[in-house]
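Heads up: the structure comes next, in structure tokens.
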2 protein chains.
Amino acid sequence: MHITLEADYGIRMMVYMARAGKRVDAKTISENAEVTLRFALKILRKFAASGIVKSFKGMQGGYELAKPAEEITLKDIVETVEGTYYFSRCLNPESGCNRTNPDVCHGPCKAQAVFDDISELVRSRLEQVTLAQLL
Amino acid sequence: MHITLEADYGIRMMVYMARAGKRVDAKTISENAEVTLRFALKILRKFAASGIVKSFKGMQGGYELAKPAEEITLKDIVETVEGTYYFSRCLNPESGCNRTNPDVCHGPCKAQAVFDDISELVRSRLEQVTLAQLL
DNA sequence: GTTTTATTATACCATTTTAGTAGATTATTT
DNA sequence: AAATAATCTACTAAAATGGTATAATAAAAC
């Protein structure tokens, strides 16, 4: 029904990184964003994989934003952690609509159209907000 | 991240009841909406408790819409099943924002304002759609 | 080139939420 | 009284979320 705690943590971590404005190691990020180091590392890996954050190994290693905070949106952050946003499972191609009886729902039903609409509404609103605006 | 299957079932059941246009028993509803009888009963109880459906015991008993389909909204249905819609847990007064470090977030943070906005957006969109429009 | 620092990969466990079930009880109509 | 159908309470199963642990790998410093 709502976004996960992990996504919330992710936002906090990104906000901290943007504030820092330089390369920071995972431990510092986790302490400042109040997320356990281990869990923070897991989230940071997702960020690195999706390309919104760059990671550096070894001494003086750590993480930094891959782009200016003005170019990273809330949608980038949330969807990196959670995947594409869908208001209802029915819309997710992987789970798909589970209605099989044509009397109940043949083809995309009217509720689905509304849910599709809402999903798009949420995604575009998330896209309008940049990390820079959260500082 | 998305509304529950239970809410989807609930919508299907309400759509069926609206189509039927008369009192129907739980078994018939469950079969037509493709939900197990037991689970359907559980959902119907919530509908009856919230007042969007009237229930009748005994022979010739069953369920019927408490109001015309034009006066029941998707929001009524979804929130009866799931409770008030919040995009992020942080907004739910019961769970509450878990950020305690004032350096990270003192008072309502900017992300929360956006989430509040999105929650309201979703709720109002759900409110615009009536059960009648789903038939 | 070895040591140190810090990320990465994989896999696992615990908790919470969601989904679904069961039995006994109560109310209503015939 | 008998039959039907909802209600209450409680329980179990499955899935998703939240969190941990270990070993491996890469980079820089000395």
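Chain labels A, B, ... are given in the sequence in which chains occur in the structure tokens; within each chain residues are numbered consecutively from 1, and ligands are likewise numbered from 1 in the order shown.
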
* range 43-45 of chain B surroundings by only C-alpha atoms (C1' of nucleotides), 8 Å radius, close-in-sequence under 6 positions cut, as a count of residues only -> 5

* Once you count only C-alpha atoms (C1' of nucleotides), which residues of chain C turn out to be within 12 Å of chain A? Could you give them as a PyMOL selection string? -> chain C and resi 3-10+17-18

* To do: Pick out the chain A residues within 6 Å of chain B. Count only C-alpha atoms. Give them as a ChimeraX atom specification.
  => /A:1-3,87-88,110,134

* Apply DSSP to the structure's backbone, then extract all residues of chain B labelled strand (DSSP E) and return them as a ChimeraX atom specification. => /B:53-56,62-65

* Contact residues (chain D, partner chain B, 8 Å, only C-alpha atoms (C1' of nucleotides)) as a list in words -> DA3, DT4, DA5 and DA6 of chain D

* Would you give me, as JSON, numbers by chain, the residues in chain B that DSSP reads as helix (DSSP H, G or I)? -> {"B": [5, 6, 7, 8, 9, 10, 11, 12, 13, 14, 15, 16, 17, 18, 19, 20, 26, 27, 28, 29, 30, 31, 32, 33, 37, 38, 39, 40, 41, 42, 43, 44, 45, 46, 47, 48, 49, 50, 69, 70, 71, 74, 75, 76, 77, 78, 79, 80, 81, 82, 89, 90, 91, 110, 111, 112, 113, 114, 115, 116, 117, 118, 119, 120, 121, 122, 123, 124, 125, 126, 127, 128, 131, 132, 133, 134]}

Output of the above residues as a CSV table (one decimal), in the first residue's frame, restricted to C-alpha atoms:
```csv
chain,number,residue,atom,x,y,z
B,5,LEU,CA,-5.0,-8.2,-3.7
B,6,GLU,CA,-7.7,-7.9,-1.0
B,7,ALA,CA,-8.6,-4.5,-2.3
B,8,ASP,CA,-8.7,-5.7,-5.8
B,9,TYR,CA,-11.0,-8.6,-4.8
B,10,GLY,CA,-13.2,-6.0,-3.0
B,11,ILE,CA,-13.6,-3.9,-6.1
B,12,ARG,CA,-14.6,-7.0,-8.1
B,13,MET,CA,-17.1,-8.0,-5.5
B,14,MET,CA,-18.6,-4.5,-5.4
B,15,VAL,CA,-18.7,-4.4,-9.2
B,16,TYR,CA,-20.6,-7.7,-9.2
B,17,MET,CA,-23.1,-6.6,-6.6
B,18,ALA,CA,-23.7,-3.4,-8.5
B,19,ARG,CA,-24.3,-5.4,-11.7
B,20,ALA,CA,-26.6,-7.8,-9.9
B,26,ALA,CA,-21.9,-14.4,-0.2
B,27,LYS,CA,-21.5,-17.7,-2.2
B,28,THR,CA,-22.8,-16.2,-5.4
B,29,ILE,CA,-20.7,-13.1,-5.0
B,30,SER,CA,-17.6,-15.1,-4.3
B,31,GLU,CA,-18.1,-17.3,-7.3
B,32,ASN,CA,-18.7,-14.4,-9.7
B,33,ALA,CA,-15.8,-12.3,-8.4
B,37,LEU,CA,-16.0,-17.9,-0.1
B,38,ARG,CA,-14.2,-17.5,3.2
B,39,PHE,CA,-12.0,-14.6,2.0
B,40,ALA,CA,-15.0,-13.0,0.4
B,41,LEU,CA,-16.9,-13.2,3.7
B,42,LYS,CA,-14.1,-11.5,5.4
B,43,ILE,CA,-14.1,-8.7,2.9
B,44,LEU,CA,-17.9,-8.4,3.0
B,45,ARG,CA,-17.8,-8.0,6.7
B,46,LYS,CA,-15.5,-5.0,6.3
B,47,PHE,CA,-17.9,-3.5,3.7
B,48,ALA,CA,-20.9,-4.0,6.1
B,49,ALA,CA,-19.0,-2.5,9.0
B,50,SER,CA,-18.1,0.6,7.0
B,69,ALA,CA,-23.6,2.8,-7.2
B,70,GLU,CA,-23.3,6.4,-8.3
B,71,GLU,CA,-22.7,7.4,-4.6
B,74,LEU,CA,-13.3,3.7,-5.4
B,75,LYS,CA,-11.9,5.5,-2.4
B,76,ASP,CA,-14.7,4.1,-0.3
B,77,ILE,CA,-14.0,0.6,-1.4
B,78,VAL,CA,-10.2,0.7,-1.2
B,79,GLU,CA,-10.1,2.5,2.1
B,80,THR,CA,-12.7,0.2,3.6
B,81,VAL,CA,-10.4,-2.7,2.9
B,82,GLU,CA,-7.0,-1.0,3.5
B,89,ARG,CA,4.7,5.1,6.1
B,90,CYS,CA,6.2,8.3,7.4
B,91,LEU,CA,2.9,10.0,7.0
B,110,LYS,CA,10.7,18.1,2.4
B,111,ALA,CA,10.3,14.6,1.1
B,112,GLN,CA,7.3,14.2,3.5
B,113,ALA,CA,5.7,17.2,2.0
B,114,VAL,CA,5.9,15.6,-1.5
B,115,PHE,CA,4.6,12.3,-0.2
B,116,ASP,CA,1.7,14.1,1.5
B,117,ASP,CA,1.0,15.8,-1.8
B,118,ILE,CA,1.0,12.5,-3.6
B,119,SER,CA,-1.2,10.8,-1.0
B,120,GLU,CA,-3.8,13.5,-1.4
B,121,LEU,CA,-3.5,13.3,-5.2
B,122,VAL,CA,-4.2,9.6,-5.1
B,123,ARG,CA,-7.1,9.9,-2.7
B,124,SER,CA,-8.8,12.6,-4.7
B,125,ARG,CA,-8.4,10.6,-7.9
B,126,LEU,CA,-9.9,7.6,-6.2
B,127,GLU,CA,-12.8,9.7,-5.0
B,128,GLN,CA,-13.6,10.9,-8.4
B,131,LEU,CA,-18.8,2.3,-8.7
B,132,ALA,CA,-21.3,3.1,-11.4
B,133,GLN,CA,-18.5,4.2,-13.7
B,134,LEU,CA,-16.9,0.8,-13.4
```

* **Near-DA24 in chain C list (12 Å; only C-alpha atoms (C1' of nucleotides); drop same-chain fewer than 4 positions) as an MDAnalysis selection string** => chainID D and resid 7:10

* What is the distance between CA of Glu64 in chain B and CA of Lys22 in chain B, in Å to one decimal? -> 6.2 Å
